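Trainee: Okay, here's the structure, questions in a sec.
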Amino acid sequence: MQSAQRAQCNHALEYAIRLANERQKPLLAAFSVVSDFPEANLRHYTFMLEGLKETQAALAERGIKLVILNGPPKETIPPLAKKADLLVTDEGYLRIQRKWRKDVAAAIDCPMYEVTTNMIVPVEAASDKENFSAGTLRPRISRQLKKYLVPLKESRPVCSSLDLRFKSIDLSDIGKALKKLPIDRSVGPSPFYTGGSEEANRCLADFIRSKLDDYGTKKQQDPLQDCQSNLSPYLHFGQISPLYIALEVNEAQSPGKGAFLEQLIVRRELSFNFVYYNPAYDSYKSLPHWALRTLNLHARDKREQTYSLEQLENARTYDPYWNAAQKEMVLTGKLHNYMRMYWGKKIIEWTRSPKEAFRIALYLNNKYELDGRDPNGFAGIAWCFGKHDRPWAQRPVFGKIRYMNAAGLKRKFDVDAWVRKIEQLGHNLECERNQTR
DNA sequence: ATCGGCTCGCGCAA
DNA sequence: TGCGCGAAGCCGAT
């Protein structure tokens with residue numbers, strides 16, 4: 001288990017159970033905590049372990065033991081696979097996830113299967129190449145939706161789980177477990193979002209009940225309206241299945257259904273298409289030619305204002321809207337979708353070159369967002385630089401890249417009220433911190 | 001308040 | 001080869 005950290009609606013898990021049952025063999029589940037995952041810190045590990053603790057309990061109820069190990073998969077997994085008939089894993093799209101799987105496959109003697117469960121239409125089934133935009137991927141996905149929007153039957157292993165003595169990380173006290181791990185602690189846990197499938201299911205139910213109707217309306221672009229699903233951190237750690245979400249939303253009779261499924265399926269899977277087929281997905285080089293051409297042409301344009309990474313990270317710009325966005329991200333681990341775009345666009349405006357802007361935006365996104373380092377995050381940052389978008393009217397610095405400014409925020413919602421809300425939030429957290437001291 | 005212009009490449013139809 | 005079209009844009013004209 002790696003990218004689908006859940007007991008529910010997990011095709012890799014069900015496939016493993018089925019194969020074990022066919023062979024009348026016991027099943028063992030394993031997860032390897034890699035404590036030096038690039039750019040991950042205490043915030044992300046906390047969220048992840050909260051989820052794994054629940055998953056371990058949920059699996060135990062179904063008679064499956066989940067061992068939690070610490071170390072790179074190529075060292076932790078092969079010893080477990082020594083006497084195994086076969087090994088089943090979930091799928092990974094990022095460079096490091098693909099390397100983990102390759103390394104494990106090379107180090108074991110038994111067959112290994114990789115099962116898609118974090119997508120609805122598998123990345124290779126949707127397209128065999130990188131797609132230029134949603135416009136080209138959408139029909140490919142739509143054509144096959146019926147085939148893949150099928151509920152998954154859950155089963156139980158017939159043989160009792162192996163009771164081997166493995167040095168499993170004890171998750172009964174997550175704080176304690178985290179203290180023992182040699183992880184980056186530069187960013188603290190989110191005070192707002194708790195990890196785990198149960199919380200994910202609560203978010204989903206709440207979203208369908210009270211938010212879905214407004215999805216796709218202009219209310220969705222207003223961060224003051226609580227109109228988002230907030231599911232992206234849970235999707236990132238595989239604590240909830242996109243198929244399960246899609247099936248649940250599909251059941252609802254709501255005008256927002258189409259707009260939400262567009263996000264969940266087309267836009268999300270376009271991101272997976274991006275990281276899977278574009279080896280430079282985490283760099284400026286991943287941009288389309290027209291975007292690189294126009295950005296390079298304007299790379300030496302005079303900037304009205306430039307900021308260093310430190311100034312940006314500490315939310316010290318002249319723009320109170322941008323500062324509030326940065327603060328929301330740092331404080332909560334999640335920034336509203338619309339503000340993320342504004343946030344990214346402004347970094348282009350305020351840095352010495354688009355290459356530097358890309359590096360800074362990705363760095364901050366990966367460090368503070370709970371769903372950082374996700375295919376969606378890489379595609380989201382690249383979008384600010386023209387990826388999956390089209391050229392627009394030429395202007396300094398941006399060239400033909402889509403431009404955004406504060407007038408747009410004001411047009412769409414009461415941005416000053418939103419800034420006050422973020423300030424209040426920061427103040428409240430400060431008070432809480434002082435009280436616990 | 002609404003509308004066209006801005007501008008490029010993809011993919012389908014002819 | 002032609003043509004329609006595309007994540008949330010802005011901006012100036014009407």
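A note on labels: chains of the structure tokens are A, B, ... as shown, every chain counts residues from 1, and ligands are counted from 1 in their shown order.
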Need the shell around Lys25 of chain A: protein/DNA/RNA residues with any atom at most 10 Å away, counting only C-alpha atoms (C1' of nucleotides). Skip same-chain ones fewer than 6 positions apart. Format as a VMD selection string?

Mentor: chain A and resid 17 19 84 to 85 157 to 162

Trainee: Please return, as a list in words, all residues of chain A lying within 9 Å of chain C when only C-alpha atoms (C1' of nucleotides) are considered.

Mentor: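 Going by the stated atoms only, the list reads Ser133, Ala134, Gly135, Gln221, Arg267, Tyr338, Met341, His388, Asp389, Arg390, Trp392, Ala393, Arg402, Tyr403, Met404, Asn405 and Gly408 of chain A.
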
Trainee: Hey, what's within 8 Å of Pro354 of chain A if we count only C-alpha atoms (C1' of nucleotides) and toss same-chain stuff fewer than 4 positions away? As number ranges by chain, please?

Mentor: A: 284, 295-296, 299, 348, 358

Trainee: So which one's closest to Ala382 of chain A, A:Asp282, A:Asp301, A:Glu269, A:Glu130? Using only C-alpha atoms, please.

Mentor: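 Of A:Asp282, A:Asp301, A:Glu269, A:Glu130, the one nearest Ala382 of chain A, counting only C-alpha atoms, is A:Asp282.
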
Trainee: Tell me, as a count of residues only, which residues lie within 12 Å of Glu248 of chain A, counting only C-alpha atoms (C1' of nucleotides); anything in the same chain fewer than 2 positions away does not count.

Mentor: 26

Trainee: Give the strand (DSSP E) residues of segment 1-119 of chain A, as DSSP finds them on the backbone, and put them as a list in words.

Mentor: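 After running DSSP on the backbone, segment 1-119 of chain A has strand (DSSP E) at Leu28, Ala29, Ala30, Phe31, Ser32, Val33, Lys65, Leu66, Val67, Ile68, Leu69, Asn70, Leu87, Val88, Thr89, Asp90, Met112, Tyr113, Glu114 and Val115 of chain A.
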
Trainee: Restricting the calculation to only C-alpha atoms: of A:Tyr113, A:Tyr363, A:Tyr234, A:Phe166, which residue gets closest to Gly51 of chain A?

Mentor: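 Looking only at the distances to Gly51 of chain A, the closest residue turns out to be A:Tyr234.
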
Trainee: Just asking: which residues within segment 347-434 of chain A are alpha helix (DSSP H) according to DSSP, as a VMD selection string?

Mentor: chain A and resid 347 to 350 354 to 368 375 to 384 406 to 412 415 to 434

Trainee: Could you list, with a cut-off of 12 Å and counting only C-alpha atoms (C1' of nucleotides), the residues of chain B near chain A, each shown with its nearest atom pair and the distance in Å rounded to one decimal, rows sorted by chain and ascending number, as JSON lines?

Mentor:
{"residue": "B:DG5", "atom": "C1'", "partner": "A:Ala393", "partner_atom": "CA", "distance": 8.4}
{"residue": "B:DC6", "atom": "C1'", "partner": "A:Ala393", "partner_atom": "CA", "distance": 4.1}
{"residue": "B:DT7", "atom": "C1'", "partner": "A:Pro391", "partner_atom": "CA", "distance": 5.2}
{"residue": "B:DC8", "atom": "C1'", "partner": "A:Pro391", "partner_atom": "CA", "distance": 6.3}
{"residue": "B:DG9", "atom": "C1'", "partner": "A:Phe132", "partner_atom": "CA", "distance": 8.2}
{"residue": "B:DC10", "atom": "C1'", "partner": "A:Phe132", "partner_atom": "CA", "distance": 7.2}
{"residue": "B:DG11", "atom": "C1'", "partner": "A:Thr136", "partner_atom": "CA", "distance": 7.7}
{"residue": "B:DC12", "atom": "C1'", "partner": "A:Thr136", "partner_atom": "CA", "distance": 10.8}

Trainee: Atoms to include: N, CA, C and O atoms (P, O5', C5', C4', C3', O3' and C1' of nucleotides). Write the selected residues as a short mmCIF file (atom, residue, chain, number, x, y, z; two decimals), in the first residue's frame.

Mentor:
data_model
loop_
_atom_site.label_atom_id
_atom_site.label_comp_id
_atom_site.auth_asym_id
_atom_site.auth_seq_id
_atom_site.Cartn_x
_atom_site.Cartn_y
_atom_site.Cartn_z
P DG B 5 -13.93 41.11 -32.91
"O5'" DG B 5 -12.50 41.40 -32.27
"C5'" DG B 5 -12.15 42.75 -31.93
"C4'" DG B 5 -10.88 42.74 -31.13
"C3'" DG B 5 -9.88 41.66 -31.56
"O3'" DG B 5 -8.60 42.25 -31.71
"C1'" DG B 5 -10.30 41.50 -29.23
P DC B 6 -7.51 41.55 -32.54
"O5'" DC B 6 -6.57 41.00 -31.39
"C5'" DC B 6 -6.03 41.90 -30.43
"C4'" DC B 6 -5.56 41.12 -29.24
"C3'" DC B 6 -4.78 39.85 -29.59
"O3'" DC B 6 -3.42 40.02 -29.21
"C1'" DC B 6 -6.29 39.52 -27.78
P DT B 7 -2.30 39.76 -30.25
"O5'" DT B 7 -2.11 38.19 -30.17
"C5'" DT B 7 -1.63 37.60 -28.99
"C4'" DT B 7 -1.86 36.10 -29.07
"C3'" DT B 7 -1.41 35.51 -30.40
"O3'" DT B 7 -0.30 34.67 -30.16
"C1'" DT B 7 -3.57 34.70 -29.76
P DC B 8 0.47 34.03 -31.41
"O5'" DC B 8 0.24 32.50 -31.11
"C5'" DC B 8 0.71 31.94 -29.90
"C4'" DC B 8 0.17 30.54 -29.81
"C3'" DC B 8 0.54 29.68 -31.02
"O3'" DC B 8 1.30 28.61 -30.52
"C1'" DC B 8 -1.79 29.52 -30.50
P DG B 9 2.06 27.63 -31.50
"O5'" DG B 9 1.18 26.32 -31.30
"C5'" DG B 9 0.95 25.84 -29.99
"C4'" DG B 9 -0.15 24.81 -30.01
"C3'" DG B 9 0.02 23.72 -31.06
"O3'" DG B 9 -0.42 22.54 -30.45
"C1'" DG B 9 -2.05 24.73 -31.35
P DC B 10 0.21 21.17 -30.83
"O5'" DC B 10 -1.06 20.26 -30.61
"C5'" DC B 10 -1.84 20.43 -29.43
"C4'" DC B 10 -3.27 20.14 -29.77
"C3'" DC B 10 -3.46 18.88 -30.60
"O3'" DC B 10 -4.16 17.97 -29.80
"C1'" DC B 10 -4.79 20.69 -31.42
P DG B 11 -4.20 16.45 -30.17
"O5'" DG B 11 -5.56 16.39 -30.99
"C5'" DG B 11 -6.77 16.80 -30.37
"C4'" DG B 11 -7.87 16.82 -31.41
"C3'" DG B 11 -7.85 15.61 -32.34
"O3'" DG B 11 -9.18 15.24 -32.60
"C1'" DG B 11 -7.76 17.55 -33.61
P DC B 12 -9.57 13.76 -32.94
"O5'" DC B 12 -10.93 13.99 -33.72
"C5'" DC B 12 -11.86 14.97 -33.28
"C4'" DC B 12 -12.41 15.74 -34.46
"C3'" DC B 12 -12.86 14.86 -35.63
"O3'" DC B 12 -14.21 15.14 -35.93
"C1'" DC B 12 -11.51 16.66 -36.39
#

Trainee: Mind giving me the straight-line distance from atom CA of Lys147 of chain A to atom CA of Ser271 of chain A in Å, one decimal?

Mentor: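 Distance between the two atoms: 21.0 Å.
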
Trainee: May I ask for the distance between atom CA of Ala407 of chain A and atom CA of Arg395 of chain A, given in Å to one decimal place?

Mentor: 16.4 Å

Trainee: Near Pro72 of chain A, counting only C-alpha atoms (C1' of nucleotides), which residues have an atom at most 10 Å away, once you skip same-chain residues fewer than 3 positions from it, shown as a list of chain:residue names?

Mentor: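 After dropping sequence-adjacent residues, the list is A:Ser32, A:Val33, A:Val34, A:Ser35, A:Asp36, A:Phe37, A:Leu69, A:Glu75, A:Thr76, A:Ile77, A:Trp100, A:Asp103, A:Val104.
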
Trainee: Limited to all heavy atoms, could you put the picked residues into a file as a short mmCIF file (atom, residue, chain, number, x, y, z; two decimals), in the first residue's frame?

Mentor:
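Contents of selection.cif, freshly written:
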data_model
loop_
_atom_site.label_atom_id
_atom_site.label_comp_id
_atom_site.auth_asym_id
_atom_site.auth_seq_id
_atom_site.Cartn_x
_atom_site.Cartn_y
_atom_site.Cartn_z
N SER A 32 5.15 1.53 3.78
CA SER A 32 6.46 2.00 4.18
C SER A 32 6.48 3.52 4.30
O SER A 32 6.27 4.22 3.32
CB SER A 32 7.50 1.54 3.15
OG SER A 32 8.78 1.55 3.73
N VAL A 33 6.71 4.00 5.51
CA VAL A 33 6.83 5.44 5.71
C VAL A 33 8.24 5.86 5.31
O VAL A 33 9.21 5.41 5.89
CB VAL A 33 6.58 5.84 7.18
CG1 VAL A 33 6.75 7.33 7.37
CG2 VAL A 33 5.19 5.40 7.62
N VAL A 34 8.33 6.69 4.28
CA VAL A 34 9.63 7.18 3.82
C VAL A 34 9.85 8.54 4.47
O VAL A 34 9.20 9.51 4.11
CB VAL A 34 9.67 7.28 2.29
CG1 VAL A 34 10.99 7.84 1.81
CG2 VAL A 34 9.41 5.92 1.67
N SER A 35 10.75 8.60 5.45
CA SER A 35 10.81 9.82 6.26
C SER A 35 11.52 10.98 5.57
O SER A 35 11.50 12.09 6.08
CB SER A 35 11.44 9.54 7.62
OG SER A 35 12.33 8.48 7.55
N ASP A 36 12.13 10.73 4.40
CA ASP A 36 12.74 11.87 3.70
C ASP A 36 12.09 12.09 2.34
O ASP A 36 12.75 12.41 1.36
CB ASP A 36 14.25 11.67 3.55
CG ASP A 36 14.59 10.39 2.79
OD1 ASP A 36 13.67 9.59 2.54
OD2 ASP A 36 15.77 10.19 2.46
N PHE A 37 10.78 11.91 2.29
CA PHE A 37 10.06 12.21 1.05
C PHE A 37 10.34 13.67 0.70
O PHE A 37 10.17 14.56 1.53
CB PHE A 37 8.55 11.99 1.22
CG PHE A 37 7.80 12.02 -0.08
CD1 PHE A 37 7.40 10.84 -0.69
CD2 PHE A 37 7.50 13.23 -0.70
CE1 PHE A 37 6.72 10.87 -1.90
CE2 PHE A 37 6.83 13.27 -1.92
CZ PHE A 37 6.44 12.08 -2.51
N LEU A 69 6.04 0.18 8.15
CA LEU A 69 7.49 0.13 8.23
C LEU A 69 8.07 1.52 8.02
O LEU A 69 7.37 2.44 7.62
CB LEU A 69 8.02 -0.82 7.16
CG LEU A 69 7.41 -2.22 7.23
CD1 LEU A 69 7.39 -2.86 5.87
CD2 LEU A 69 8.14 -3.08 8.24
N GLU A 75 14.15 -1.35 0.54
CA GLU A 75 14.76 -2.03 1.69
C GLU A 75 13.72 -2.70 2.58
O GLU A 75 13.98 -3.75 3.16
CB GLU A 75 15.58 -1.03 2.52
CG GLU A 75 16.88 -0.65 1.85
CD GLU A 75 17.58 0.51 2.55
OE1 GLU A 75 17.34 0.73 3.76
OE2 GLU A 75 18.38 1.20 1.88
N THR A 76 12.55 -2.10 2.69
CA THR A 76 11.54 -2.63 3.63
C THR A 76 10.67 -3.72 3.01
O THR A 76 10.27 -4.65 3.70
CB THR A 76 10.62 -1.50 4.12
OG1 THR A 76 10.01 -0.86 2.99
CG2 THR A 76 11.37 -0.46 4.93
N ILE A 77 10.38 -3.61 1.73
CA ILE A 77 9.41 -4.53 1.11
C ILE A 77 10.00 -5.90 0.72
O ILE A 77 9.40 -6.94 1.02
CB ILE A 77 8.69 -3.85 -0.07
CG1 ILE A 77 7.98 -2.55 0.38
CG2 ILE A 77 7.69 -4.79 -0.74
CD1 ILE A 77 6.94 -2.71 1.47
N TRP A 100 10.27 3.94 -6.81
CA TRP A 100 10.04 3.00 -5.71
C TRP A 100 9.57 1.65 -6.25
O TRP A 100 10.06 0.60 -5.87
CB TRP A 100 8.97 3.53 -4.76
CG TRP A 100 9.42 4.61 -3.85
CD1 TRP A 100 10.70 4.93 -3.51
CD2 TRP A 100 8.58 5.52 -3.14
NE1 TRP A 100 10.70 5.99 -2.62
CE2 TRP A 100 9.42 6.36 -2.39
CE3 TRP A 100 7.20 5.72 -3.06
CZ2 TRP A 100 8.93 7.38 -1.57
CZ3 TRP A 100 6.70 6.72 -2.25
CH2 TRP A 100 7.57 7.55 -1.52
N ASP A 103 12.30 -0.16 -8.23
CA ASP A 103 13.33 -0.70 -7.33
C ASP A 103 12.84 -1.96 -6.62
O ASP A 103 13.58 -2.93 -6.49
CB ASP A 103 13.72 0.36 -6.28
CG ASP A 103 14.53 1.49 -6.89
OD1 ASP A 103 14.97 1.33 -8.05
OD2 ASP A 103 14.72 2.51 -6.21
N VAL A 104 11.59 -1.93 -6.16
CA VAL A 104 11.05 -3.10 -5.45
C VAL A 104 10.94 -4.27 -6.42
O VAL A 104 11.36 -5.39 -6.12
CB VAL A 104 9.68 -2.77 -4.82
CG1 VAL A 104 9.00 -4.05 -4.34
CG2 VAL A 104 9.85 -1.79 -3.67
#

Trainee: Just how far from atom CA of Arg62 of chain A is atom CA of Ser229 of chain A, in Å to one decimal?

Mentor: 29.0 Å

Trainee: Please identify all polymer residues within 10 Å of segment 324-331 of chain A, counting only C-alpha atoms (C1' of nucleotides), omitting same-chain residues fewer than 3 positions from it, and present them as an MDAnalysis selection string.

Mentor: chainID A and resid 187:192 312:316 319:321 334:336 339:340 342:343 364:365 367:370 415:416 418:423 425:426 429

Trainee: Using C-alpha atoms, can you export the residues from the last selection as an mmCIF file, in the first residue's frame?

Mentor:
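Saved the output as out-v2.cif:
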data_model
loop_
_atom_site.group_PDB
_atom_site.id
_atom_site.type_symbol
_atom_site.label_atom_id
_atom_site.label_comp_id
_atom_site.auth_asym_id
_atom_site.auth_seq_id
_atom_site.Cartn_x
_atom_site.Cartn_y
_atom_site.Cartn_z
ATOM 1 C CA VAL A 187 5.970 23.246 9.265
ATOM 2 C CA GLY A 188 3.551 22.243 12.011
ATOM 3 C CA PRO A 189 0.367 20.199 11.593
ATOM 4 C CA SER A 190 -2.715 21.911 10.199
ATOM 5 C CA PRO A 191 -5.006 23.081 12.992
ATOM 6 C CA PHE A 192 -7.968 22.776 10.614
ATOM 7 C CA LEU A 312 7.184 36.055 -0.121
ATOM 8 C CA GLU A 313 7.261 33.194 2.352
ATOM 9 C CA ASN A 314 6.695 35.634 5.230
ATOM 10 C CA ALA A 315 3.830 37.342 3.399
ATOM 11 C CA ARG A 316 5.628 40.710 3.263
ATOM 12 C CA ASP A 319 -0.485 43.546 -1.614
ATOM 13 C CA PRO A 320 -2.760 42.695 1.329
ATOM 14 C CA TYR A 321 -4.719 40.213 -0.808
ATOM 15 C CA LYS A 334 -5.151 24.775 2.199
ATOM 16 C CA LEU A 335 -5.753 27.792 0.011
ATOM 17 C CA HIS A 336 -8.994 28.453 -1.832
ATOM 18 C CA MET A 339 -6.950 32.534 -4.648
ATOM 19 C CA ARG A 340 -4.341 29.928 -5.600
ATOM 20 C CA TYR A 342 -4.055 34.831 -8.109
ATOM 21 C CA TRP A 343 -1.295 33.819 -5.704
ATOM 22 C CA LEU A 364 5.915 27.190 -1.320
ATOM 23 C CA ASN A 365 3.024 25.108 -2.619
ATOM 24 C CA LYS A 367 5.899 23.006 1.603
ATOM 25 C CA TYR A 368 2.658 24.377 2.992
ATOM 26 C CA GLU A 369 -0.268 22.833 1.128
ATOM 27 C CA LEU A 370 -1.508 19.542 2.510
ATOM 28 C CA VAL A 415 -11.999 40.535 -0.920
ATOM 29 C CA ASP A 416 -11.485 42.977 1.966
ATOM 30 C CA TRP A 418 -11.909 37.892 3.238
ATOM 31 C CA VAL A 419 -8.644 39.561 4.305
ATOM 32 C CA ARG A 420 -10.256 40.446 7.638
ATOM 33 C CA LYS A 421 -11.302 36.837 8.038
ATOM 34 C CA ILE A 422 -7.750 35.591 7.501
ATOM 35 C CA GLU A 423 -6.382 38.206 9.916
ATOM 36 C CA LEU A 425 -7.932 33.477 11.935
ATOM 37 C CA GLY A 426 -4.256 34.267 12.472
ATOM 38 C CA LEU A 429 -4.448 30.799 16.407
#

Trainee: From the set A:Arg18, A:Lys302, A:Arg156, A:Arg143, which residue has the shortest atom-to-atom contact distance to Thr351 of chain A, counting only C-alpha atoms?

Mentor: A:Lys302

Trainee: Measuring atom to atom with only C-alpha atoms, identify which of A:Ser142, A:Thr89, A:Thr117, A:Gln239 is nearest to Thr55 of chain A.

Mentor: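 Between A:Ser142, A:Thr89, A:Thr117, A:Gln239, the residue approaching Thr55 of chain A most closely is A:Gln239.
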
Trainee: Identify which of the residues A:Glu262, A:Glu198, A:Asp173, A:Asp374 lies closest to Tyr281 of chain A, counting only C-alpha atoms when measuring atom-to-atom distances.

Mentor: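 Comparing A:Glu262, A:Glu198, A:Asp173, A:Asp374 against Tyr281 of chain A, the winner is A:Asp374.
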